[in-house]
Amino acid sequence: MFISDLLSRAPSYACLTISAALMLAAAFLVSRLTRLLRLPDVTGYLLAGIALGPYALRVIPAGVIEDLGFLTDIALACIAFGVGRYFTLARLRTTGSGVIWLTLTESLAAAVLIALSMRGLFGMSRSFSLLLGAIASATAPASTLMTIRQYKARGHFVDVLLQVVALDDAVALLAFSAAAAAAQAVENAGQVNLVSVLLPLGWNAAALALGFGAGLLLAALYARLSKTAQLLFLLSLILTVTGLCTLCNVSPLLSCMMMGTVYVNRSGSKAAFRRLNRFSPPILVLFFTLSGMRLNLPMLASAGIIGVAYFFIRIAGKYAGACLGAAALRETPEVRRWLGAALIPQAGVSIGLAALAARMLSPGSGELLSTIILSSGVLYEMAGPACAKLALRRAGAFAARDGAARPL
C-alpha cells in the first residue's frame with residue numbers, strides 16, 4: 001500500500017512516530033464502532049491492529065512491529081504493578097488461602113485437560129503435551145483489567161477475579177518448570193539436569209527480590225516528592241525493574257507485581273497507582289493494537305484442528321476448574337458461575353514460555369507449539385474482553401450502566 005511504502009522509505013524515527021499516530025487513531029475509530037455493538041474498547045483496539053497489520057491492509061510495515069516490541073514489556077509491567085494493589089494484607093486475611101486454592105484449581109484444570117487431550121486425541125508426544133498444558137494454565141491480566149477499569153466494576157467478584165488473575169502467572173511459571181523437568185526426563189530416559197530446572201526458578205526468585213527492594217524504595221520516597229517527581233521516580237523504577245528482568249530473560253510481571261504489593265502494604269497508600277492510571281492509557285492502547293498487528297492469519301490455517309481444539313479445550317478447563325474450586329470453597333453464586341468466563345485471555349507470559357518450550361522440542365513440534373500459542377493468544381484477547389464484560393455484568397459488578405462508563 002501507498003502508506004506502507006511511504007513509511008518504509010522514511011527515516012526510522014519518522015516511521016515509528018507516524019506508525020504510532022496511525023495506531024492510536026485507528027484504535028480510537030474502531031473502538032467507537034465496537035461500542036455501538038456494546039463490546040469493550042479492548043476488542044476495538046485489537047481489531048484495529050489486525051486491520052493495520054501485515055496480513056490485512058498492510059498499512060504498518062512489518063519491521064515497525066518488531067521495533068515497537070518494547071511497548072509490550074512496558075505495558076505489561078504497568079499492568080502487573082497495578083495488580084499489586086489488590087494484595088493488601090487486610091484483603092488477604094479476608095480471603096485467606098481460598099484464592100490460592102481457587103487459582104490452583106482453575107489453572108491446573110486447564111493444564112491437565114490440554115495435556116490429556118493433546119496426548120489422547122491427537123497422539124502428540126509426551127513432551128509436547130506436558131509443555132503445552134503448562135502454558136495453557138497462564139492467564140493474561142491486561143484485557144480483563146482494562147475492561148474492569150472501563151466499566152468501573154467493583155465488589156467481591158472483582159476482588160476475587162483480580163487476585164486469581166494476579167496469581168495465575170506464578171502458577172504458570174511453576175507448572176512450566178515442572179513440565180520442563182518431566183519433558184527432559186522423557187527425552188533423556190529419566191535423567192534430569194537439575195541445573196536447567198532450578199536455574200529458571202533461581203532467576204525468578206531474584207526477580208521477586210528485585211521487586212521487593214524496589215517496592216520498599218518506592219514506599220520510602222514517593223510521598224516526599226513533588227507530583228512531577230513522583231511520576232518520574234515511579235516510572236524509572238518500573239522501567240529499571242523491567243529492563244533488568246528482560247536482560248536476564250525473566251518475565252518482569254512477578255517482579256513488578258511484587259513491587260506494587262510491597263508499596264501498598266508498606267505505605268498504606270494507593271496514590272502511586274492512581275498517578276500511573278492517569279499516565280498509562282495511551283501505552284496500553286498501543287500495546288493492544290500491537291497485539292492485533294501480530295496476528296499471523298496464515299498461522300491459523302497451519303495450526304489446523306489442533307489449534308482449534310486447544311482454543312476451546314483451554315476455555316472449558318478454565319471454566320470447569322473455576323466452578324469446581326469456587327464450589328469447594330463455598331464461594332458466592334456469582335463467583336461460581338462467572339469467574340471462569342473472565343479468565344479466557346492469554347498472552348504475555350504464555351508467549352515467552354512458548355519460546356522456551358520450542359527450544360526443548362524438535363523443530364517441527366516447536367514450531368507447531370509456537371504457532372498455537374501465538375495465533376490463539378490474539379483470538380483469546382479478542383474473545384476475552386467480551387466474555388469478561390458479560391461475566392462482570394452477570395455477577396452484578398458494574399458500578400454504572402454501559403452508557404455511563406468512563407471511556408479511556
# chains A, B, ... in the order shown; residues from 1 in each chain; ligands from 1
>>> residues_around(residues="segment 220-225 of chain A", least_positions_apart="2", cutoff="10 Å", atoms="only C-alpha atoms", output="ChimeraX atom specification")
/A:214-218,227-234,263,266-267,269,271-272
>>> write_last_selection(atoms="N, CA, C and O atoms", output="PDB file, in the first residue's frame")
ATOM      1  N   ALA A 214      12.548  -2.717  45.200  1.00  0.00           N
ATOM      2  CA  ALA A 214      12.016  -1.534  44.526  1.00  0.00           C
ATOM      3  C   ALA A 214      10.751  -1.033  45.217  1.00  0.00           C
ATOM      4  O   ALA A 214      10.522   0.179  45.320  1.00  0.00           O
ATOM      5  N   GLY A 215       9.930  -1.941  45.710  1.00  0.00           N
ATOM      6  CA  GLY A 215       8.725  -1.543  46.434  1.00  0.00           C
ATOM      7  C   GLY A 215       9.039  -0.821  47.732  1.00  0.00           C
ATOM      8  O   GLY A 215       8.385   0.170  48.087  1.00  0.00           O
ATOM      9  N   LEU A 216      10.040  -1.318  48.451  1.00  0.00           N
ATOM     10  CA  LEU A 216      10.460  -0.645  49.675  1.00  0.00           C
ATOM     11  C   LEU A 216      10.966   0.769  49.382  1.00  0.00           C
ATOM     12  O   LEU A 216      10.648   1.725  50.106  1.00  0.00           O
ATOM     13  N   LEU A 217      11.756   0.901  48.324  1.00  0.00           N
ATOM     14  CA  LEU A 217      12.296   2.208  47.953  1.00  0.00           C
ATOM     15  C   LEU A 217      11.179   3.161  47.555  1.00  0.00           C
ATOM     16  O   LEU A 217      11.183   4.340  47.935  1.00  0.00           O
ATOM     17  N   LEU A 218      10.213   2.657  46.792  1.00  0.00           N
ATOM     18  CA  LEU A 218       9.088   3.496  46.371  1.00  0.00           C
ATOM     19  C   LEU A 218       8.266   3.955  47.574  1.00  0.00           C
ATOM     20  O   LEU A 218       7.878   5.126  47.662  1.00  0.00           O
ATOM     21  N   LYS A 227       4.719  16.307  42.747  1.00  0.00           N
ATOM     22  CA  LYS A 227       3.865  15.497  41.886  1.00  0.00           C
ATOM     23  C   LYS A 227       4.583  15.064  40.607  1.00  0.00           C
ATOM     24  O   LYS A 227       4.477  13.913  40.179  1.00  0.00           O
ATOM     25  N   THR A 228       5.311  15.982  39.979  1.00  0.00           N
ATOM     26  CA  THR A 228       6.049  15.625  38.768  1.00  0.00           C
ATOM     27  C   THR A 228       7.142  14.617  39.072  1.00  0.00           C
ATOM     28  O   THR A 228       7.317  13.628  38.345  1.00  0.00           O
ATOM     29  N   ALA A 229       7.859  14.853  40.161  1.00  0.00           N
ATOM     30  CA  ALA A 229       8.940  13.940  40.535  1.00  0.00           C
ATOM     31  C   ALA A 229       8.398  12.561  40.908  1.00  0.00           C
ATOM     32  O   ALA A 229       9.070  11.546  40.683  1.00  0.00           O
ATOM     33  N   GLN A 230       7.193  12.516  41.483  1.00  0.00           N
ATOM     34  CA  GLN A 230       6.607  11.226  41.841  1.00  0.00           C
ATOM     35  C   GLN A 230       6.430  10.339  40.612  1.00  0.00           C
ATOM     36  O   GLN A 230       6.783   9.158  40.626  1.00  0.00           O
ATOM     37  N   LEU A 231       5.876  10.913  39.544  1.00  0.00           N
ATOM     38  CA  LEU A 231       5.665  10.127  38.331  1.00  0.00           C
ATOM     39  C   LEU A 231       6.993   9.703  37.720  1.00  0.00           C
ATOM     40  O   LEU A 231       7.154   8.558  37.277  1.00  0.00           O
ATOM     41  N   LEU A 232       7.957  10.606  37.690  1.00  0.00           N
ATOM     42  CA  LEU A 232       9.267  10.284  37.126  1.00  0.00           C
ATOM     43  C   LEU A 232       9.942   9.167  37.916  1.00  0.00           C
ATOM     44  O   LEU A 232      10.517   8.229  37.333  1.00  0.00           O
ATOM     45  N   PHE A 233       9.876   9.264  39.235  1.00  0.00           N
ATOM     46  CA  PHE A 233      10.505   8.248  40.077  1.00  0.00           C
ATOM     47  C   PHE A 233       9.821   6.895  39.910  1.00  0.00           C
ATOM     48  O   PHE A 233      10.480   5.856  39.801  1.00  0.00           O
ATOM     49  N   LEU A 234       8.496   6.911  39.888  1.00  0.00           N
ATOM     50  CA  LEU A 234       7.741   5.667  39.717  1.00  0.00           C
ATOM     51  C   LEU A 234       8.069   4.992  38.395  1.00  0.00           C
ATOM     52  O   LEU A 234       8.355   3.790  38.346  1.00  0.00           O
ATOM     53  N   TYR A 263       4.732  -1.887  47.985  1.00  0.00           N
ATOM     54  CA  TYR A 263       4.440  -0.451  48.130  1.00  0.00           C
ATOM     55  C   TYR A 263       3.124  -0.219  48.869  1.00  0.00           C
ATOM     56  O   TYR A 263       3.056   0.567  49.821  1.00  0.00           O
ATOM     57  N   ARG A 266       3.403  -1.368  52.546  1.00  0.00           N
ATOM     58  CA  ARG A 266       4.364  -0.609  53.343  1.00  0.00           C
ATOM     59  C   ARG A 266       3.897   0.829  53.574  1.00  0.00           C
ATOM     60  O   ARG A 266       4.033   1.365  54.674  1.00  0.00           O
ATOM     61  N   SER A 267       3.341   1.449  52.531  1.00  0.00           N
ATOM     62  CA  SER A 267       2.953   2.852  52.641  1.00  0.00           C
ATOM     63  C   SER A 267       1.515   3.040  53.084  1.00  0.00           C
ATOM     64  O   SER A 267       1.155   4.088  53.618  1.00  0.00           O
ATOM     65  N   SER A 269      -0.844   3.493  51.107  1.00  0.00           N
ATOM     66  CA  SER A 269      -1.404   4.466  50.165  1.00  0.00           C
ATOM     67  C   SER A 269      -1.531   3.840  48.781  1.00  0.00           C
ATOM     68  O   SER A 269      -0.773   2.941  48.419  1.00  0.00           O
ATOM     69  N   ALA A 271      -1.736   6.119  46.137  1.00  0.00           N
ATOM     70  CA  ALA A 271      -1.514   7.304  45.310  1.00  0.00           C
ATOM     71  C   ALA A 271      -0.715   6.984  44.056  1.00  0.00           C
ATOM     72  O   ALA A 271      -0.994   7.516  42.976  1.00  0.00           O
ATOM     73  N   ALA A 272       0.288   6.128  44.172  1.00  0.00           N
ATOM     74  CA  ALA A 272       1.119   5.794  43.009  1.00  0.00           C
ATOM     75  C   ALA A 272       0.306   5.079  41.940  1.00  0.00           C
ATOM     76  O   ALA A 272       0.528   5.282  40.740  1.00  0.00           O
TER      77      ALA A 272
END
>>> residues_around(residues="Gly213 of chain A", least_positions_apart="6", cutoff="10 Å", atoms="only C-alpha atoms", output="list in words")
Ala207, Ala219, Ser255, Met258, Met259, Val262 and Tyr263 of chain A
>>> select_by_dssp(residues="segment 27-222 of chain A", states="helix (DSSP H, G or I)", output="PyMOL selection string")
chain A and resi 27-36+41-52+62-67+70-86+89-95+98-120+126-136+142-150+156-187+194-222
>>> closest_residue(among="A:Arg32, A:Ala172, A:Ala180, A:Arg294", to="Leu130 of chain A", atoms="only C-alpha atoms")
A:Ala180
>>> residues_around(residues="Ala166 of chain A", least_positions_apart="2", cutoff="8 Å", atoms="only C-alpha atoms", output="list in words")
Ala80, Val83, Gly84, Pro141, Leu162, Gln163, Val164, Asp168, Asp169, Ala170 and Met257 of chain A
>>> write_last_selection(atoms="N, CA, C and O atoms", output="tab-separated table (two decimals), in the first residue's frame")
chain	number	residue	atom	x	y	z
A	80	ALA	N	1.10	-5.18	35.70
A	80	ALA	CA	1.48	-6.03	36.83
A	80	ALA	C	1.67	-5.21	38.10
A	80	ALA	O	1.26	-5.63	39.19
A	83	VAL	N	-1.69	-4.50	39.53
A	83	VAL	CA	-2.33	-5.65	40.16
A	83	VAL	C	-1.89	-5.78	41.61
A	83	VAL	O	-2.64	-6.25	42.48
A	84	GLY	N	-0.67	-5.33	41.92
A	84	GLY	CA	-0.16	-5.44	43.27
A	84	GLY	C	-1.00	-4.75	44.31
A	84	GLY	O	-0.99	-5.14	45.49
A	141	PRO	N	-3.60	-10.77	32.29
A	141	PRO	CA	-4.46	-9.86	33.06
A	141	PRO	C	-4.85	-8.59	32.32
A	141	PRO	O	-5.78	-7.90	32.74
A	162	LEU	N	-9.37	-10.37	40.39
A	162	LEU	CA	-8.07	-9.71	40.28
A	162	LEU	C	-6.98	-10.50	41.00
A	162	LEU	O	-5.86	-10.61	40.49
A	163	GLN	N	-7.29	-11.05	42.15
A	163	GLN	CA	-6.29	-11.83	42.87
A	163	GLN	C	-5.97	-13.13	42.14
A	163	GLN	O	-4.81	-13.55	42.08
A	164	VAL	N	-6.98	-13.77	41.57
A	164	VAL	CA	-6.75	-15.01	40.83
A	164	VAL	C	-5.91	-14.73	39.58
A	164	VAL	O	-4.95	-15.45	39.29
A	168	ASP	N	-2.10	-16.20	38.71
A	168	ASP	CA	-2.03	-17.15	37.60
A	168	ASP	C	-0.63	-17.27	37.02
A	168	ASP	O	-0.16	-18.37	36.69
A	169	ASP	N	0.06	-16.14	36.87
A	169	ASP	CA	1.38	-16.17	36.27
A	169	ASP	C	2.37	-16.94	37.14
A	169	ASP	O	3.23	-17.67	36.63
A	170	ALA	N	2.25	-16.79	38.45
A	170	ALA	CA	3.13	-17.54	39.36
A	170	ALA	C	2.88	-19.04	39.20
A	170	ALA	O	3.83	-19.84	39.13
A	257	MET	N	4.73	-6.96	40.01
A	257	MET	CA	3.61	-7.24	40.91
A	257	MET	C	4.07	-7.18	42.37
A	257	MET	O	3.38	-6.62	43.23
>>> residues_around(residues="Leu368 of chain A", least_positions_apart="4", cutoff="8 Å", atoms="only C-alpha atoms", output="PyMOL selection string")
chain A and resi 303+364+372
>>> residues_around(residues="Ser31 of chain A", least_positions_apart="6", cutoff="12 Å", atoms="only C-alpha atoms", output="list in words")
Met23, Leu24, Ala25, Leu37, Arg38, Leu39, Pro40, Asp41, Val42, Thr43, Gly44, Tyr45, Leu46, Leu47, Ala48, Gly49, Val285, Phe288, Thr289, Pro407 and Leu408 of chain A
>>> write_last_selection(atoms="N, CA, C and O atoms", output="mmCIF file, in the first residue's frame")
data_model
loop_
_atom_site.group_PDB
_atom_site.id
_atom_site.type_symbol
_atom_site.label_atom_id
_atom_site.label_comp_id
_atom_site.auth_asym_id
_atom_site.auth_seq_id
_atom_site.Cartn_x
_atom_site.Cartn_y
_atom_site.Cartn_z
ATOM 1 N N MET A 23 -1.708 4.089 14.675
ATOM 2 C CA MET A 23 -2.242 3.067 15.573
ATOM 3 C C MET A 23 -3.228 3.660 16.574
ATOM 4 O O MET A 23 -4.307 3.105 16.810
ATOM 5 N N LEU A 24 -2.880 4.803 17.144
ATOM 6 C CA LEU A 24 -3.774 5.444 18.101
ATOM 7 C C LEU A 24 -5.059 5.918 17.431
ATOM 8 O O LEU A 24 -6.157 5.754 17.981
ATOM 9 N N ALA A 25 -4.912 6.498 16.223
ATOM 10 C CA ALA A 25 -6.097 6.987 15.513
ATOM 11 C C ALA A 25 -7.022 5.836 15.131
ATOM 12 O O ALA A 25 -8.245 5.906 15.299
ATOM 13 N N LEU A 37 -21.659 -1.842 19.102
ATOM 14 C CA LEU A 37 -22.025 -3.251 19.259
ATOM 15 C C LEU A 37 -21.983 -3.686 20.722
ATOM 16 O O LEU A 37 -22.135 -4.868 21.010
ATOM 17 N N ARG A 38 -21.745 -2.698 21.627
ATOM 18 C CA ARG A 38 -21.695 -2.948 23.066
ATOM 19 C C ARG A 38 -20.584 -3.916 23.429
ATOM 20 O O ARG A 38 -20.718 -4.759 24.328
ATOM 21 N N LEU A 39 -19.454 -3.794 22.716
ATOM 22 C CA LEU A 39 -18.255 -4.565 23.016
ATOM 23 C C LEU A 39 -17.250 -3.678 23.728
ATOM 24 O O LEU A 39 -17.227 -2.464 23.521
ATOM 25 N N PRO A 40 -16.387 -4.246 24.569
ATOM 26 C CA PRO A 40 -15.378 -3.441 25.257
ATOM 27 C C PRO A 40 -14.408 -2.781 24.279
ATOM 28 O O PRO A 40 -14.194 -3.261 23.155
ATOM 29 N N ASP A 41 -13.793 -1.689 24.709
ATOM 30 C CA ASP A 41 -12.860 -0.967 23.853
ATOM 31 C C ASP A 41 -11.667 -1.827 23.443
ATOM 32 O O ASP A 41 -11.117 -1.658 22.350
ATOM 33 N N VAL A 42 -11.237 -2.739 24.326
ATOM 34 C CA VAL A 42 -10.077 -3.567 24.022
ATOM 35 C C VAL A 42 -10.286 -4.349 22.732
ATOM 36 O O VAL A 42 -9.366 -4.517 21.926
ATOM 37 N N THR A 43 -11.492 -4.827 22.507
ATOM 38 C CA THR A 43 -11.787 -5.549 21.271
ATOM 39 C C THR A 43 -11.560 -4.651 20.063
ATOM 40 O O THR A 43 -11.006 -5.089 19.042
ATOM 41 N N GLY A 44 -11.962 -3.393 20.161
ATOM 42 C CA GLY A 44 -11.731 -2.459 19.072
ATOM 43 C C GLY A 44 -10.261 -2.219 18.820
ATOM 44 O O GLY A 44 -9.822 -2.125 17.661
ATOM 45 N N TYR A 45 -9.466 -2.120 19.883
ATOM 46 C CA TYR A 45 -8.033 -1.910 19.710
ATOM 47 C C TYR A 45 -7.395 -3.089 18.966
ATOM 48 O O TYR A 45 -6.554 -2.902 18.078
ATOM 49 N N LEU A 46 -7.793 -4.303 19.349
ATOM 50 C CA LEU A 46 -7.237 -5.488 18.689
ATOM 51 C C LEU A 46 -7.650 -5.560 17.219
ATOM 52 O O LEU A 46 -6.832 -5.875 16.343
ATOM 53 N N LEU A 47 -8.911 -5.266 16.938
ATOM 54 C CA LEU A 47 -9.372 -5.281 15.549
ATOM 55 C C LEU A 47 -8.660 -4.212 14.723
ATOM 56 O O LEU A 47 -8.336 -4.440 13.544
ATOM 57 N N ALA A 48 -8.401 -3.056 15.324
ATOM 58 C CA ALA A 48 -7.661 -2.011 14.623
ATOM 59 C C ALA A 48 -6.261 -2.491 14.273
ATOM 60 O O ALA A 48 -5.752 -2.247 13.170
ATOM 61 N N GLY A 49 -5.626 -3.192 15.201
ATOM 62 C CA GLY A 49 -4.297 -3.724 14.932
ATOM 63 C C GLY A 49 -4.294 -4.755 13.822
ATOM 64 O O GLY A 49 -3.402 -4.757 12.963
ATOM 65 N N VAL A 285 -3.205 1.238 25.024
ATOM 66 C CA VAL A 285 -3.873 1.211 23.722
ATOM 67 C C VAL A 285 -2.896 0.762 22.640
ATOM 68 O O VAL A 285 -3.221 -0.083 21.783
ATOM 69 N N PHE A 288 -2.305 -3.095 22.937
ATOM 70 C CA PHE A 288 -3.353 -3.957 22.390
ATOM 71 C C PHE A 288 -3.411 -3.862 20.866
ATOM 72 O O PHE A 288 -3.639 -4.869 20.184
ATOM 73 N N THR A 289 -3.202 -2.681 20.324
ATOM 74 C CA THR A 289 -3.180 -2.541 18.870
ATOM 75 C C THR A 289 -2.019 -3.323 18.284
ATOM 76 O O THR A 289 -2.145 -3.995 17.250
ATOM 77 N N PRO A 407 -14.927 6.365 29.549
ATOM 78 C CA PRO A 407 -14.079 5.911 28.456
ATOM 79 C C PRO A 407 -12.618 6.121 28.782
ATOM 80 O O PRO A 407 -12.258 6.964 29.595
ATOM 81 N N LEU A 408 -11.778 5.393 28.071
ATOM 82 C CA LEU A 408 -10.337 5.585 28.240
ATOM 83 C C LEU A 408 -9.879 6.789 27.452
ATOM 84 O O LEU A 408 -10.386 7.045 26.392
#
>>> closest_residue(among="A:Leu295, A:Leu104, A:Ala109, A:Leu339", to="Ala316 of chain A", atoms="only C-alpha atoms")
A:Ala109
>>> atom_distance(atom1="atom CA of Gln346 of chain A", atom2="atom CA of Tyr151 of chain A")
21.0 Å
>>> atom_distance(atom1="atom CA of Leu390 of chain A", atom2="atom CA of Thr147 of chain A")
10.4 Å
>>> residues_around(residues="Tyr13 of chain A", least_positions_apart="6", cutoff="12 Å", atoms="only C-alpha atoms", output="list of chain:residue names")
A:Leu7, A:Ser19, A:Ala20, A:Val64, A:Asp67, A:Leu68
>>> write_last_selection(atoms="N, CA, C and O atoms", output="PDB file, in the first residue's frame")
ATOM      1  N   LEU A   7       6.115   4.833   4.520  1.00  0.00           N
ATOM      2  CA  LEU A   7       6.736   4.649   5.822  1.00  0.00           C
ATOM      3  C   LEU A   7       8.039   3.871   5.733  1.00  0.00           C
ATOM      4  O   LEU A   7       8.988   4.147   6.469  1.00  0.00           O
ATOM      5  N   SER A  19       3.722   5.767  12.592  1.00  0.00           N
ATOM      6  CA  SER A  19       3.057   4.487  12.840  1.00  0.00           C
ATOM      7  C   SER A  19       2.293   4.519  14.157  1.00  0.00           C
ATOM      8  O   SER A  19       1.155   4.054  14.246  1.00  0.00           O
ATOM      9  N   ALA A  20       2.915   5.077  15.211  1.00  0.00           N
ATOM     10  CA  ALA A  20       2.235   5.179  16.496  1.00  0.00           C
ATOM     11  C   ALA A  20       0.990   6.057  16.386  1.00  0.00           C
ATOM     12  O   ALA A  20      -0.055   5.745  16.970  1.00  0.00           O
ATOM     13  N   VAL A  64       8.213  -2.359  11.735  1.00  0.00           N
ATOM     14  CA  VAL A  64       7.784  -1.465  12.806  1.00  0.00           C
ATOM     15  C   VAL A  64       7.234  -2.262  13.983  1.00  0.00           C
ATOM     16  O   VAL A  64       7.397  -1.876  15.150  1.00  0.00           O
ATOM     17  N   ASP A  67      10.115  -3.213  16.024  1.00  0.00           N
ATOM     18  CA  ASP A  67      10.739  -2.042  16.658  1.00  0.00           C
ATOM     19  C   ASP A  67       9.919  -1.527  17.835  1.00  0.00           C
ATOM     20  O   ASP A  67      10.472  -0.935  18.767  1.00  0.00           O
ATOM     21  N   LEU A  68       8.599  -1.729  17.794  1.00  0.00           N
ATOM     22  CA  LEU A  68       7.733  -1.271  18.876  1.00  0.00           C
ATOM     23  C   LEU A  68       7.509  -2.345  19.933  1.00  0.00           C
ATOM     24  O   LEU A  68       6.694  -2.179  20.835  1.00  0.00           O
TER      25      LEU A  68
END
>>> closest_residue(among="A:Arg58, A:Arg35, A:Arg126, A:Arg154", to="Phe398 of chain A", atoms="only C-alpha atoms")
A:Arg154
>>> atom_distance(atom1="atom CA of Ala388 of chain A", atom2="atom CA of Met293 of chain A")
22.1 Å
>>> closest_residue(among="A:Leu173, A:Ile60, A:Leu113, A:Ala309", to="Ala21 of chain A", atoms="only C-alpha atoms")
A:Ile60
>>> residues_around(residues="Gly325 of chain A", least_positions_apart="4", cutoff="9 Å", atoms="only C-alpha atoms", output="JSON, numbers by chain")
{"A": [98, 101, 102, 103, 104, 105, 106, 320, 321, 329, 330, 331, 336]}
>>> decode(residues="segment 133-148 of chain A", atoms="N, CA and C atoms", output="PDB file, in the first residue's frame")
ATOM      1  N   GLY A 133       0.349 -28.025  27.929  1.00  0.00           N
ATOM      2  CA  GLY A 133      -0.572 -27.983  29.054  1.00  0.00           C
ATOM      3  C   GLY A 133      -0.149 -26.969  30.102  1.00  0.00           C
ATOM      4  N   ALA A 134       1.147 -26.936  30.406  1.00  0.00           N
ATOM      5  CA  ALA A 134       1.637 -25.972  31.397  1.00  0.00           C
ATOM      6  C   ALA A 134       1.422 -24.542  30.930  1.00  0.00           C
ATOM      7  N   ILE A 135       1.668 -24.279  29.671  1.00  0.00           N
ATOM      8  CA  ILE A 135       1.469 -22.931  29.134  1.00  0.00           C
ATOM      9  C   ILE A 135      -0.011 -22.553  29.173  1.00  0.00           C
ATOM     10  N   ALA A 136      -0.893 -23.540  28.990  1.00  0.00           N
ATOM     11  CA  ALA A 136      -2.340 -23.271  28.990  1.00  0.00           C
ATOM     12  C   ALA A 136      -2.830 -22.759  30.337  1.00  0.00           C
ATOM     13  N   SER A 137      -2.063 -22.979  31.396  1.00  0.00           N
ATOM     14  CA  SER A 137      -2.517 -22.545  32.721  1.00  0.00           C
ATOM     15  C   SER A 137      -2.448 -21.035  32.896  1.00  0.00           C
ATOM     16  N   ALA A 138      -1.666 -20.345  32.066  1.00  0.00           N
ATOM     17  CA  ALA A 138      -1.466 -18.898  32.228  1.00  0.00           C
ATOM     18  C   ALA A 138      -2.692 -18.122  31.764  1.00  0.00           C
ATOM     19  N   THR A 139      -2.913 -16.982  32.396  1.00  0.00           N
ATOM     20  CA  THR A 139      -3.973 -16.055  32.003  1.00  0.00           C
ATOM     21  C   THR A 139      -3.380 -14.658  31.892  1.00  0.00           C
ATOM     22  N   ALA A 140      -3.748 -13.932  30.849  1.00  0.00           N
ATOM     23  CA  ALA A 140      -3.243 -12.567  30.670  1.00  0.00           C
ATOM     24  C   ALA A 140      -4.159 -11.589  31.390  1.00  0.00           C
ATOM     25  N   PRO A 141      -3.602 -10.768  32.291  1.00  0.00           N
ATOM     26  CA  PRO A 141      -4.460  -9.860  33.057  1.00  0.00           C
ATOM     27  C   PRO A 141      -4.851  -8.589  32.323  1.00  0.00           C
ATOM     28  N   ALA A 142      -4.161  -8.258  31.222  1.00  0.00           N
ATOM     29  CA  ALA A 142      -4.286  -6.916  30.642  1.00  0.00           C
ATOM     30  C   ALA A 142      -5.712  -6.584  30.213  1.00  0.00           C
ATOM     31  N   SER A 143      -6.300  -7.421  29.362  1.00  0.00           N
ATOM     32  CA  SER A 143      -7.620  -7.085  28.830  1.00  0.00           C
ATOM     33  C   SER A 143      -8.694  -7.141  29.911  1.00  0.00           C
ATOM     34  N   THR A 144      -8.552  -8.068  30.863  1.00  0.00           N
ATOM     35  CA  THR A 144      -9.519  -8.127  31.962  1.00  0.00           C
ATOM     36  C   THR A 144      -9.462  -6.852  32.799  1.00  0.00           C
ATOM     37  N   LEU A 145      -8.251  -6.388  33.107  1.00  0.00           N
ATOM     38  CA  LEU A 145      -8.106  -5.171  33.905  1.00  0.00           C
ATOM     39  C   LEU A 145      -8.624  -3.951  33.158  1.00  0.00           C
ATOM     40  N   MET A 146      -8.367  -3.890  31.850  1.00  0.00           N
ATOM     41  CA  MET A 146      -8.856  -2.758  31.063  1.00  0.00           C
ATOM     42  C   MET A 146     -10.385  -2.740  31.042  1.00  0.00           C
ATOM     43  N   THR A 147     -10.997  -3.913  30.945  1.00  0.00           N
ATOM     44  CA  THR A 147     -12.460  -3.987  30.940  1.00  0.00           C
ATOM     45  C   THR A 147     -13.023  -3.567  32.292  1.00  0.00           C
ATOM     46  N   ILE A 148     -12.388  -4.012  33.384  1.00  0.00           N
ATOM     47  CA  ILE A 148     -12.822  -3.606  34.721  1.00  0.00           C
ATOM     48  C   ILE A 148     -12.731  -2.098  34.877  1.00  0.00           C
TER      49      ILE A 148
END
